[in-house]
$ cat data14.txt   # compact mmCIF, C-alpha atoms
# COMPACT_ATOMS: atom_id res chain seq x y z
CA MET A 26 -27.60 11.69 -4.42
CA ASN A 27 -28.21 12.01 -8.19
CA LYS A 28 -30.58 9.59 -9.85
CA ILE A 29 -31.37 9.03 -13.52
CA LEU A 30 -34.59 7.62 -14.97
CA PRO A 31 -33.90 6.62 -18.62
CA TRP A 32 -37.21 7.42 -20.27
CA CYS A 33 -36.07 6.63 -23.75
CA VAL A 34 -33.08 5.13 -25.47
CA ASN A 35 -33.72 5.07 -29.23
CA VAL A 36 -30.97 3.30 -31.18
CA LEU A 37 -30.40 4.47 -34.75
CA VAL A 38 -27.54 2.96 -36.73
CA ALA A 39 -27.08 4.73 -40.03
CA SER A 40 -25.41 3.43 -43.15
CA ALA A 41 -21.65 3.82 -43.22
CA ALA A 42 -22.08 5.92 -46.36
CA LEU A 43 -24.17 8.50 -44.48
CA GLN A 44 -23.08 8.98 -40.86
CA ALA A 45 -21.72 7.23 -37.80
CA ALA A 46 -24.00 5.38 -35.39
CA THR A 47 -25.87 7.56 -32.88
CA VAL A 48 -28.02 6.71 -29.87
CA PRO A 49 -30.66 9.29 -28.88
CA TYR A 50 -31.23 9.21 -25.10
CA GLN A 51 -33.82 10.89 -22.87
CA GLY A 52 -33.83 10.71 -19.07
CA LEU A 53 -35.18 12.23 -15.88
CA ALA A 54 -32.78 13.39 -13.14
CA THR A 55 -34.07 13.42 -9.56
CA ASP A 56 -32.65 14.12 -6.12
CA ALA A 57 -32.56 11.67 -3.18
CA LYS A 58 -36.26 12.28 -2.47
CA GLY A 59 -37.36 11.61 -6.04
CA ASN A 60 -37.93 15.28 -6.92
CA PRO A 61 -36.74 16.60 -10.31
CA LYS A 62 -33.34 18.28 -10.20
CA VAL A 63 -33.20 22.09 -10.36
CA ASP A 64 -33.12 23.30 -13.98
CA ALA A 65 -29.47 23.86 -14.89
CA THR A 66 -26.68 22.43 -17.00
CA TYR A 67 -24.98 19.27 -15.72
CA GLY A 68 -22.13 17.04 -16.76
CA VAL A 69 -23.16 13.51 -17.77
CA VAL A 70 -20.94 10.53 -18.50
CA PHE A 71 -22.33 7.81 -20.78
CA ALA A 72 -20.56 4.45 -21.00
CA LEU A 73 -21.20 1.16 -22.81
CA TYR A 74 -20.13 -2.13 -21.22
CA PRO A 75 -20.03 -5.76 -22.39
CA SER A 76 -21.82 -6.96 -19.22
CA ALA A 77 -23.75 -5.65 -16.23
CA THR A 78 -20.71 -6.10 -13.96
CA ALA A 79 -17.81 -5.30 -16.29
CA VAL A 80 -15.20 -2.94 -14.83
CA SER A 81 -13.83 -1.57 -18.12
CA ALA A 82 -16.09 0.29 -20.55
CA LEU A 83 -16.02 -0.34 -24.30
CA TRP A 84 -16.90 3.29 -25.04
CA VAL A 85 -17.19 6.49 -22.93
CA GLU A 86 -18.52 9.92 -23.78
CA ASN A 87 -18.75 13.10 -21.64
CA GLN A 88 -21.54 15.55 -22.45
CA THR A 89 -23.12 18.63 -20.91
CA VAL A 90 -26.93 18.61 -20.82
CA ALA A 91 -29.59 21.12 -19.77
CA THR A 92 -32.56 19.94 -17.70
CA HIS A 93 -36.16 21.16 -17.77
CA LYS A 94 -38.16 19.95 -14.79
CA GLY A 95 -35.56 17.22 -14.52
CA LEU A 96 -35.91 16.05 -18.12
CA PHE A 97 -32.90 16.07 -20.44
CA SER A 98 -31.94 14.65 -23.83
CA ALA A 99 -28.68 13.66 -25.44
CA SER A 100 -27.48 12.02 -28.63
CA LEU A 101 -24.79 9.49 -27.84
CA GLY A 102 -21.97 9.33 -30.32
CA THR A 103 -22.03 13.00 -31.31
CA LEU A 104 -18.81 13.88 -29.45
CA THR A 105 -17.10 10.49 -29.27
CA VAL A 106 -17.69 8.25 -32.29
CA LEU A 107 -19.37 4.92 -31.56
CA PRO A 108 -17.05 2.31 -33.16
CA ASP A 109 -18.58 -0.02 -35.75
CA SER A 110 -17.17 -2.95 -33.77
CA LEU A 111 -19.72 -2.32 -31.00
CA PHE A 112 -22.62 -3.30 -33.25
CA ASN A 113 -21.78 -6.95 -33.78
CA GLY A 114 -24.85 -8.53 -32.17
CA SER A 115 -23.32 -8.86 -28.70
CA PRO A 116 -25.20 -7.47 -25.65
CA LEU A 117 -24.37 -3.92 -24.62
CA TYR A 118 -25.11 -2.31 -21.23
CA LEU A 119 -25.52 1.45 -20.87
CA GLY A 120 -24.34 3.16 -17.67
CA VAL A 121 -25.11 6.82 -16.93
CA SER A 122 -23.31 8.95 -14.31
CA PHE A 123 -25.06 12.29 -13.65
CA ALA A 124 -23.29 15.34 -12.18
CA GLY A 125 -20.35 13.33 -10.86
CA GLY A 126 -22.53 10.75 -9.12
CA ALA A 127 -22.31 6.97 -9.33
CA GLU A 128 -24.03 4.99 -12.07
CA GLY A 129 -27.65 4.34 -11.15
CA GLY A 130 -27.76 0.85 -12.64
CA ARG A 131 -26.90 -0.38 -16.12
CA ALA A 132 -29.54 -0.84 -18.81
CA LEU A 133 -29.31 -3.78 -21.21
CA LEU A 134 -29.48 -2.62 -24.82
CA GLY A 135 -30.44 -6.13 -25.94
CA THR A 136 -29.06 -8.97 -28.02
CA THR A 137 -30.85 -8.14 -31.30
CA PRO A 138 -28.14 -7.80 -34.01
CA TRP A 139 -27.59 -4.20 -35.03
CA ALA A 140 -28.72 -3.73 -38.61
CA LYS A 141 -26.03 -2.25 -40.79
CA ALA A 142 -26.07 -2.87 -44.53
CA ALA A 143 -23.14 -0.66 -45.53
CA GLY A 144 -23.67 0.77 -48.98
CA LYS A 145 -26.98 -1.11 -49.45
CA ALA A 146 -29.45 0.43 -47.02
CA ASP A 147 -29.76 4.10 -46.09
CA SER A 148 -30.60 3.35 -42.46
CA ALA A 149 -31.69 0.63 -40.08
CA ARG A 150 -33.18 0.64 -36.64
CA ALA A 151 -32.49 -1.92 -33.91
CA ALA A 152 -34.93 -2.55 -31.06
CA HIS A 153 -33.61 -1.15 -27.79
CA TRP A 154 -34.75 -4.11 -25.77
CA ALA A 155 -34.79 -7.83 -26.67
CA ASP A 156 -37.76 -9.88 -25.47
CA SER A 157 -38.63 -8.68 -21.93
CA ALA A 158 -35.50 -6.72 -20.99
CA LYS A 159 -35.74 -5.04 -17.63
CA ALA A 160 -33.85 -2.13 -16.09
CA VAL A 161 -33.67 -0.91 -12.54
CA VAL A 162 -34.04 2.81 -13.08
CA GLY A 163 -33.44 4.52 -9.80
CA LEU A 164 -33.20 4.31 -6.04
CA GLY A 165 -35.49 6.43 -3.91
CA ASP A 166 -37.46 5.92 -0.73
CA SER A 167 -39.86 4.15 -3.11
CA LEU A 168 -41.27 4.52 -6.61
CA ALA A 169 -44.92 3.68 -6.88
CA SER A 170 -45.62 2.96 -10.54
CA VAL A 171 -44.36 1.33 -13.68
CA ARG A 172 -44.40 3.55 -16.75
CA ALA A 173 -44.23 2.17 -20.26
CA LYS A 174 -44.63 4.24 -23.43
CA THR A 175 -44.27 3.29 -27.05
CA LYS A 176 -43.20 5.67 -29.79
CA ALA A 177 -42.47 5.08 -33.48
CA ASP A 178 -39.29 3.02 -33.89
CA SER A 179 -38.48 3.13 -30.13
CA VAL A 180 -39.38 1.42 -26.89
CA VAL A 181 -39.63 3.19 -23.57
CA LEU A 182 -39.48 1.08 -20.46
CA THR A 183 -39.14 2.02 -16.82
CA VAL A 184 -39.42 -0.27 -13.86
CA ALA A 185 -40.31 1.25 -10.51
CA LEU A 186 -38.96 -0.09 -7.27
CA THR A 187 -41.76 -1.30 -4.99
CA LYS A 188 -39.54 -2.22 -2.08
CA ASN A 189 -37.90 0.30 0.20
CA VAL A 190 -34.38 1.40 -0.42
CA SER A 191 -32.69 -0.75 2.20
CA ASP A 192 -34.20 -3.97 0.83
CA SER A 193 -33.25 -3.02 -2.73
CA ILE A 194 -29.69 -2.12 -1.78
CA LYS A 195 -29.27 -5.34 0.21
CA SER A 196 -30.48 -7.42 -2.72
CA LEU A 197 -28.16 -5.61 -5.12
CA ARG A 198 -25.16 -5.97 -2.79
CA ASP A 199 -25.84 -9.67 -2.25
CA SER A 200 -26.02 -10.24 -6.00
CA LEU A 201 -22.79 -8.39 -6.66
CA ALA A 202 -21.07 -10.18 -3.80
CA ASN A 203 -22.14 -13.54 -5.20
CA LEU A 204 -20.80 -12.59 -8.62
CA ARG A 205 -17.48 -11.38 -7.23
CA VAL A 206 -16.70 -14.43 -5.11
CA ALA A 207 -18.44 -17.27 -6.93
CA LEU A 208 -15.23 -18.45 -8.61
CA ALA A 209 -13.19 -18.01 -5.44
CA ILE A 210 -15.66 -20.02 -3.36
CA GLN A 211 -15.86 -22.70 -6.05
CA GLY A 212 -12.07 -22.93 -6.07
CA GLN A 213 -12.00 -23.12 -2.28
CA LEU A 214 -14.55 -25.93 -2.15
CA VAL A 215 -12.82 -27.90 -4.90
CA SER A 216 -9.51 -27.48 -3.09
CA SER A 217 -11.11 -28.54 0.20
CA LEU A 218 -12.61 -31.67 -1.36
CA SER A 219 -9.33 -32.50 -3.08
CA SER A 220 -7.52 -32.20 0.24
CA TRP A 221 -10.11 -34.51 1.82
CA LEU A 222 -9.78 -37.17 -0.86
CA ASN A 223 -6.05 -36.85 -1.55
CA PRO A 224 -4.48 -35.26 1.53
CA SER A 225 -0.83 -34.26 1.43
CA ILE A 226 -0.71 -35.12 5.14
CA PRO A 227 -2.42 -38.48 5.81
CA TRP A 228 -5.16 -39.12 8.34
CA ASN A 229 -4.70 -41.62 11.15
CA SER A 230 -6.22 -44.81 9.71
CA ALA A 231 -6.72 -46.22 13.21
CA ILE A 232 -9.17 -43.44 14.14
CA THR A 233 -12.89 -43.51 13.37
CA TYR A 234 -13.65 -39.94 12.34
CA GLY A 235 -17.04 -38.30 12.19
CA THR A 236 -18.11 -35.88 9.45
CA LEU A 237 -19.45 -32.36 9.60
CA THR A 238 -20.78 -30.06 6.85
CA ASP A 239 -20.81 -26.30 7.34
CA SER A 240 -24.22 -25.17 6.06
CA ARG A 241 -22.88 -21.65 5.54
CA ASP A 242 -20.58 -22.56 2.65
CA GLY A 243 -20.89 -26.35 2.14
CA GLN A 244 -17.37 -27.19 3.33
CA LEU A 245 -16.74 -30.66 4.73
CA TYR A 246 -14.78 -31.34 7.93
CA ARG A 247 -13.80 -34.41 9.94
CA THR A 248 -14.46 -34.64 13.67
CA VAL A 249 -12.88 -36.76 16.39
CA VAL A 250 -13.84 -37.82 19.92
CA ILE A 251 -11.01 -37.37 22.44
CA GLY A 252 -11.99 -38.40 25.95
CA SER A 253 -15.31 -36.72 26.74
CA GLN A 254 -14.83 -33.98 24.12
CA THR A 255 -15.69 -33.95 20.42
CA TRP A 256 -13.31 -31.73 18.44
CA MET A 257 -13.11 -30.71 14.81
CA ALA A 258 -10.17 -32.67 13.41
CA GLN A 259 -9.36 -29.73 11.11
CA ASN A 260 -8.98 -26.00 11.59
CA LEU A 261 -11.97 -23.91 10.54
CA ASN A 262 -11.82 -22.60 6.96
CA TYR A 263 -14.91 -20.36 6.88
CA GLY A 264 -14.37 -17.02 5.12
CA GLY A 265 -17.82 -15.44 5.05
CA MET A 266 -19.91 -14.54 2.01
CA ASN A 267 -17.19 -12.29 0.59
CA LEU A 268 -14.22 -14.34 1.80
CA SER A 269 -13.46 -11.27 3.93
CA VAL A 270 -13.24 -13.06 7.30
CA GLY A 271 -9.77 -14.27 8.22
CA VAL A 272 -6.79 -14.71 5.89
CA CYS A 273 -5.04 -17.54 4.09
CA TYR A 274 -1.35 -18.09 4.80
CA ASN A 275 0.55 -16.13 2.12
CA GLY A 276 -2.84 -15.37 0.51
CA SER A 277 -3.09 -18.90 -0.91
CA LEU A 278 -6.42 -20.77 -1.02
CA ASP A 279 -4.40 -23.99 -1.05
CA SER A 280 -2.94 -22.98 2.32
CA CYS A 281 -6.47 -22.33 3.62
CA SER A 282 -7.52 -25.79 2.43
CA LYS A 283 -4.52 -27.39 4.14
CA TYR A 284 -4.24 -25.37 7.36
CA GLY A 285 -7.58 -23.54 7.60
CA ARG A 286 -7.94 -19.76 7.78
CA LEU A 287 -6.16 -17.52 10.29
CA TYR A 288 -8.39 -15.16 12.30
CA ASN A 289 -7.92 -12.35 14.79
CA TRP A 290 -9.62 -12.78 18.17
CA LYS A 291 -12.49 -10.38 17.48
CA GLU A 292 -13.39 -12.32 14.34
CA VAL A 293 -13.31 -15.58 16.30
CA MET A 294 -15.45 -14.25 19.17
CA ALA A 295 -18.00 -12.59 16.82
CA GLY A 296 -19.21 -10.28 19.59
CA GLY A 297 -18.82 -12.82 22.42
CA PHE A 298 -17.14 -12.03 25.74
CA SER A 299 -14.11 -13.60 27.40
CA SER A 300 -14.93 -16.88 29.11
CA SER A 301 -12.89 -19.28 31.23
CA ALA A 302 -15.80 -21.70 31.76
CA SER A 303 -15.87 -25.28 30.48
CA PRO A 304 -17.67 -25.34 28.11
CA SER A 305 -17.04 -21.71 27.19
CA GLY A 306 -20.58 -20.94 26.00
CA VAL A 307 -19.20 -18.77 23.17
CA LYS A 308 -20.38 -19.86 19.72
CA GLY A 309 -18.34 -17.13 18.03
CA LEU A 310 -17.39 -17.99 14.45
CA CYS A 311 -18.02 -21.71 14.93
CA LEU A 312 -20.80 -23.72 13.25
CA SER A 313 -24.20 -24.11 14.87
CA GLY A 314 -23.96 -26.65 17.70
CA TRP A 315 -20.23 -25.95 18.19
CA HIS A 316 -18.29 -23.36 20.17
CA VAL A 317 -14.90 -21.71 20.63
CA PRO A 318 -12.98 -23.60 23.37
CA SER A 319 -11.87 -21.89 26.56
CA ALA A 320 -8.37 -22.30 27.98
CA ALA A 321 -9.89 -24.79 30.45
CA GLU A 322 -11.17 -26.93 27.57
CA TRP A 323 -7.74 -26.91 25.94
CA THR A 324 -6.24 -27.96 29.28
CA LYS A 325 -8.74 -30.81 29.43
CA LEU A 326 -7.57 -31.95 25.99
CA SER A 327 -3.93 -31.82 27.18
CA ASP A 328 -4.73 -33.80 30.33
CA THR A 329 -6.53 -36.45 28.25
CA THR A 330 -3.67 -36.88 25.78
CA LEU A 331 -0.98 -37.06 28.48
CA SER A 332 -2.04 -40.66 29.12
CA TYR A 333 -0.66 -41.52 25.66
CA SER A 334 2.60 -39.53 25.82
CA THR A 335 3.24 -35.79 25.97
CA SER A 336 0.26 -33.66 25.02
CA ALA A 337 1.85 -32.05 21.95
CA THR A 338 3.29 -35.28 20.57
CA SER A 339 -0.09 -37.00 20.84
CA ILE A 340 -1.95 -34.36 18.83
CA LYS A 341 0.73 -33.38 16.26
CA SER A 342 0.37 -34.74 12.72
CA SER A 343 2.80 -37.50 11.83
CA ILE A 344 4.39 -35.48 9.00
CA GLY A 345 4.39 -31.86 7.83
CA TRP A 346 6.46 -30.32 10.63
CA SER A 347 9.98 -29.07 9.98
CA GLY A 348 11.14 -31.09 12.98
CA GLY A 349 9.73 -32.91 16.00
CA THR A 350 6.72 -34.47 14.31
CA GLY A 351 4.14 -36.24 16.43
CA THR A 352 2.27 -39.52 16.58
CA ASP A 353 -1.22 -38.05 16.17
CA ILE A 354 -2.38 -41.01 18.20
CA VAL A 355 -5.65 -39.32 19.18
CA GLY A 356 -6.52 -38.09 15.66
CA PHE A 357 -6.38 -34.35 16.44
CA ARG A 358 -4.00 -33.86 13.47
CA ALA A 359 -2.42 -30.57 14.57
CA LEU A 360 -0.72 -28.96 11.57
CA PRO A 361 1.94 -26.23 11.62
CA GLY A 362 -0.17 -23.51 10.00
CA GLY A 363 1.86 -20.57 11.32
CA TRP A 364 0.40 -17.16 12.19
CA PHE A 365 -0.23 -13.72 10.66
CA ASP A 366 0.35 -10.13 11.81
CA GLY A 367 0.14 -8.39 8.44
CA VAL A 368 2.75 -10.85 7.18
CA SER A 369 2.56 -14.66 7.25
CA HIS A 370 5.01 -16.37 9.62
CA ALA A 371 6.42 -19.81 10.41
CA ALA A 372 4.19 -22.30 8.59
CA GLY A 373 5.84 -25.70 8.94
CA GLY A 374 7.32 -24.80 12.32
CA THR A 375 4.57 -23.45 14.59
CA ALA A 376 0.87 -23.82 15.32
CA GLY A 377 -1.43 -21.69 17.44
CA TRP A 378 -5.15 -21.63 18.21
CA TRP A 379 -7.51 -19.23 19.94
CA SER A 380 -9.28 -19.75 23.25
CA THR A 381 -12.07 -17.61 24.70
CA THR A 382 -10.02 -16.76 27.80
CA ALA A 383 -8.45 -13.32 28.10
CA THR A 384 -5.62 -12.92 30.59
CA GLN A 385 -6.10 -11.22 33.94
CA ALA A 386 -3.32 -8.78 33.05
CA SER A 387 -5.05 -7.28 30.01
CA PRO A 388 -8.28 -7.76 28.01
CA ASN A 389 -6.16 -7.37 24.87
CA LEU A 390 -4.16 -10.50 25.64
CA VAL A 391 -5.58 -14.02 25.32
CA ARG A 392 -4.40 -17.36 26.66
CA ALA A 393 -3.78 -18.98 23.27
CA PRO A 394 -2.45 -22.56 23.18
CA GLY A 395 0.36 -23.22 20.74
CA MET A 396 3.27 -25.48 19.90
CA ILE A 397 6.54 -25.45 17.98
CA SER A 398 8.34 -28.11 15.96
CA VAL A 399 10.60 -29.25 18.77
CA GLY A 400 8.05 -28.75 21.55
CA THR A 401 6.50 -31.69 23.40
CA ALA A 402 3.66 -29.90 25.21
CA LEU A 403 1.06 -27.22 24.58
CA SER A 404 2.13 -23.81 25.86
CA TYR A 405 -0.27 -21.02 26.76
CA ASP A 406 1.14 -17.70 25.61
CA ALA A 407 -0.36 -14.28 26.32
CA THR A 408 -1.21 -13.42 22.70
CA SER A 409 -2.36 -10.08 21.29
CA ILE A 410 -5.94 -10.11 20.01
CA ASP A 411 -4.68 -8.40 16.82
CA LEU A 412 -2.65 -11.42 15.68
CA SER A 413 -4.29 -14.03 13.48
CA LEU A 414 -4.26 -17.69 14.55
CA ALA A 415 -6.17 -20.86 13.66
CA LEU A 416 -9.52 -21.87 15.20
CA ARG A 417 -10.60 -25.33 16.35
CA CYS A 418 -14.22 -25.69 17.41
CA VAL A 419 -15.60 -28.06 20.08
CA LYS A 420 -19.04 -29.63 20.02
CA ASP A 421 -21.56 -28.25 22.51
$ encode --input "data14.txt" --output "structure tokens"
Amino acid sequence: MNKILPWCVNVLVASAALQAATVPYQGLATDAKGNPKVDATYGVVFALYPSATAVSALWVENQTVATHKGLFSASLGTLTVLPDSLFNGSPLYLGVSFAGGAEGGRALLGTTPWAKAAGKADSARAAHWADSAKAVVGLGDSLASVRAKTKADSVVLTVALTKNVSDSIKSLRDSLANLRVALAIQGQLVSSLSSWLNPSIPWNSAITYGTLTDSRDGQLYRTVVIGSQTWMAQNLNYGGMNLSVGVCYNGSLDSCSKYGRLYNWKEVMAGGFSSSASPSGVKGLCLSGWHVPSAAEWTKLSDTTLSYSTSATSIKSSIGWSGGTGTDIVGFRALPGGWFDGVSHAAGGTAGWWSTTATQASPNLVRAPGMISVGTALSYDATSIDLSLALRCVKD
């Protein structure tokens, strides 16, 4: 692992009449244990970005530097000209990749406008940091001190890590994950609320529904009591911190809001084991206080709804199916969300849900209840654990 400690970044912007802008840079290269790299010449890539998380760089320069006890110096802009357009007062972030390694964290060059009086002033210096700019300067088992040095017309700032590497990496990953998915999660929640307030498929107005909020992502669900069981009246739509759990039908968040996400069996069980008990005792991917139903619990639901009509007709939504819609008399509101095996299939015509009960024939096959448009009863098919189906949770 290559690590860079940027001891000094001194920004000098010369008059256009004299020379192009240059950025003197001094750093310390260490190995994974924090020891200075062996004295040699190394390739270094310098890049300027408009933000700490930007993918595309505004400017890139490749240089070869020689180290002495790990220390090296470079003058940015000597090989690849720094465009005048960079110095417009906007923040710039410097990333440094040493000897083919990954960037060790980007340093904010500040928001102070770059001084440039073309034809009027011979030179101007801009402060490297604005206010109390901070930079994470390296990852090691730990760094024990904070060094700060001041030289004429430059500021040197290093911030040591006082936590161990695993804590620092976890914090960094969590922050990046939040940045990557913030808009996606916001869009999912807005879509979920819109579906709640203005559903394309109506709720049964004769049913008194309960409410449930998932503390993991703030999503709102309705619940319904059917016989002695309390079921979620919607399929689960939890996607994890990075929206990496389960899939949306055809990759559409609107489909997730309408039908819920589709999961494979291992995702649903979340480390739990096959169970045929009632209740199953497997929390799996469900919310706290709820669990994944066993085949026996699905059978109990079917037996309860048979007193109204056929089991499937009683729990099917009143519209939304391509044929054979139901009465939804018990408020279960089963929607035809289809299934996924690398490709999305049959939304509008089929519905399937997971149980915790593997078949006796194979641990890779699960008794998964499902229905089709023209069907009038739940069927229990031996379904591969690699397929992705919907999940309904039952209250403990």
$ residues_around --input "data14.txt" --residues "Ala393 in chain A" --least-positions-apart "5" --cutoff "6 Å" --atoms "only C-alpha atoms" --output "list of chain:residue names"
A:Trp378, A:Trp379, A:Ser380, A:Tyr405, A:Asp406
$ closest_residue --input "data14.txt" --among "A:Tyr274, A:Tyr118, A:Phe112, A:Phe97" --to "Ala82 in chain A" --atoms "only C-alpha atoms"
A:Tyr118
$ residues_near_point --input "data14.txt" --point "(-8.3, -39.0, 12.1)" --cutoff "9 Å" --atoms "only C-alpha atoms" --output "PDB file with C-alpha atoms, in the frame of the given file"
ATOM      1  CA  PRO A 227      -2.420 -38.480   5.810  1.00  0.00           C
ATOM      2  CA  TRP A 228      -5.160 -39.120   8.340  1.00  0.00           C
ATOM      3  CA  ASN A 229      -4.700 -41.620  11.150  1.00  0.00           C
ATOM      4  CA  SER A 230      -6.220 -44.810   9.710  1.00  0.00           C
ATOM      5  CA  ALA A 231      -6.720 -46.220  13.210  1.00  0.00           C
ATOM      6  CA  ILE A 232      -9.170 -43.440  14.140  1.00  0.00           C
ATOM      7  CA  THR A 233     -12.890 -43.510  13.370  1.00  0.00           C
ATOM      8  CA  TYR A 234     -13.650 -39.940  12.340  1.00  0.00           C
ATOM      9  CA  GLY A 235     -17.040 -38.300  12.190  1.00  0.00           C
ATOM     10  CA  ARG A 247     -13.800 -34.410   9.940  1.00  0.00           C
ATOM     11  CA  THR A 248     -14.460 -34.640  13.670  1.00  0.00           C
ATOM     12  CA  VAL A 249     -12.880 -36.760  16.390  1.00  0.00           C
ATOM     13  CA  ALA A 258     -10.170 -32.670  13.410  1.00  0.00           C
ATOM     14  CA  ASP A 353      -1.220 -38.050  16.170  1.00  0.00           C
ATOM     15  CA  ILE A 354      -2.380 -41.010  18.200  1.00  0.00           C
ATOM     16  CA  VAL A 355      -5.650 -39.320  19.180  1.00  0.00           C
ATOM     17  CA  GLY A 356      -6.520 -38.090  15.660  1.00  0.00           C
ATOM     18  CA  PHE A 357      -6.380 -34.350  16.440  1.00  0.00           C
ATOM     19  CA  ARG A 358      -4.000 -33.860  13.470  1.00  0.00           C
TER      20      ARG A 358
END
$ closest_residue --input "data14.txt" --among "A:Gly400, A:Gly374, A:Gly296, A:Pro361" --to "Thr338 in chain A" --atoms "all atoms listed in the file"
A:Gly400
$ closest_residue --input "data14.txt" --among "A:Gly395, A:Gly362, A:Gly120, A:Gly52" --to "Ala72 in chain A" --atoms "only C-alpha atoms"
A:Gly120
$ residues_around --input "data14.txt" --residues "Leu326 in chain A" --least-positions-apart "6" --cutoff "9 Å" --atoms "all atoms listed in the file" --output "ChimeraX atom specification"
/A:251-252,254,336
$ closest_residue --input "data14.txt" --among "A:Thr105, A:Asn87, A:Asn289, A:Ser409" --to "Gly309 in chain A" --atoms "only C-alpha atoms"
A:Asn289
$ decode --input "data14.txt" --residues "range 236-253 of chain A" --atoms "N, CA and C atoms" --output "mmCIF file, in the first residue's frame"
data_model
loop_
_atom_site.group_PDB
_atom_site.id
_atom_site.type_symbol
_atom_site.label_atom_id
_atom_site.label_comp_id
_atom_site.auth_asym_id
_atom_site.auth_seq_id
_atom_site.Cartn_x
_atom_site.Cartn_y
_atom_site.Cartn_z
ATOM 1 N N THR A 236 -50.564 0.967 10.691
ATOM 2 C CA THR A 236 -49.419 1.611 10.040
ATOM 3 C C THR A 236 -48.124 1.099 10.662
ATOM 4 N N LEU A 237 -47.080 1.117 9.875
ATOM 5 C CA LEU A 237 -45.789 0.600 10.298
ATOM 6 C C LEU A 237 -44.693 1.403 9.606
ATOM 7 N N THR A 238 -43.718 1.890 10.378
ATOM 8 C CA THR A 238 -42.583 2.623 9.811
ATOM 9 C C THR A 238 -41.320 1.798 9.991
ATOM 10 N N ASP A 239 -40.594 1.602 8.919
ATOM 11 C CA ASP A 239 -39.327 0.882 8.965
ATOM 12 C C ASP A 239 -38.235 1.840 9.429
ATOM 13 N N SER A 240 -37.720 1.628 10.628
ATOM 14 C CA SER A 240 -36.717 2.542 11.199
ATOM 15 C C SER A 240 -35.410 2.522 10.414
ATOM 16 N N ARG A 241 -35.218 1.518 9.576
ATOM 17 C CA ARG A 241 -33.955 1.427 8.835
ATOM 18 C C ARG A 241 -33.869 2.449 7.710
ATOM 19 N N ASP A 242 -35.005 2.777 7.095
ATOM 20 C CA ASP A 242 -34.970 3.729 5.979
ATOM 21 C C ASP A 242 -36.138 4.703 5.979
ATOM 22 N N GLY A 243 -37.021 4.637 7.008
ATOM 23 C CA GLY A 243 -38.115 5.594 7.129
ATOM 24 C C GLY A 243 -39.317 5.302 6.253
ATOM 25 N N GLN A 244 -39.345 4.177 5.547
ATOM 26 C CA GLN A 244 -40.485 3.881 4.683
ATOM 27 C C GLN A 244 -41.718 3.496 5.501
ATOM 28 N N LEU A 245 -42.874 3.850 4.948
ATOM 29 C CA LEU A 245 -44.157 3.667 5.616
ATOM 30 C C LEU A 245 -44.914 2.528 4.951
ATOM 31 N N TYR A 246 -45.491 1.636 5.771
ATOM 32 C CA TYR A 246 -46.268 0.506 5.258
ATOM 33 C C TYR A 246 -47.610 0.437 5.984
ATOM 34 N N ARG A 247 -48.597 -0.177 5.314
ATOM 35 C CA ARG A 247 -49.855 -0.489 5.986
ATOM 36 C C ARG A 247 -49.830 -1.948 6.430
ATOM 37 N N THR A 248 -50.574 -2.237 7.497
ATOM 38 C CA THR A 248 -50.685 -3.592 8.021
ATOM 39 C C THR A 248 -52.160 -3.955 8.110
ATOM 40 N N VAL A 249 -52.438 -5.259 8.165
ATOM 41 C CA VAL A 249 -53.827 -5.710 8.215
ATOM 42 C C VAL A 249 -53.924 -6.977 9.070
ATOM 43 N N VAL A 250 -54.968 -7.072 9.858
ATOM 44 C CA VAL A 250 -55.237 -8.259 10.672
ATOM 45 C C VAL A 250 -56.152 -9.184 9.881
ATOM 46 N N ILE A 251 -55.703 -10.423 9.679
ATOM 47 C CA ILE A 251 -56.493 -11.430 8.973
ATOM 48 C C ILE A 251 -56.567 -12.657 9.874
ATOM 49 N N GLY A 252 -57.737 -12.897 10.449
ATOM 50 C CA GLY A 252 -57.873 -13.971 11.424
ATOM 51 C C GLY A 252 -57.036 -13.667 12.648
ATOM 52 N N SER A 253 -56.166 -14.585 13.018
ATOM 53 C CA SER A 253 -55.294 -14.381 14.187
ATOM 54 C C SER A 253 -53.908 -13.874 13.789
#
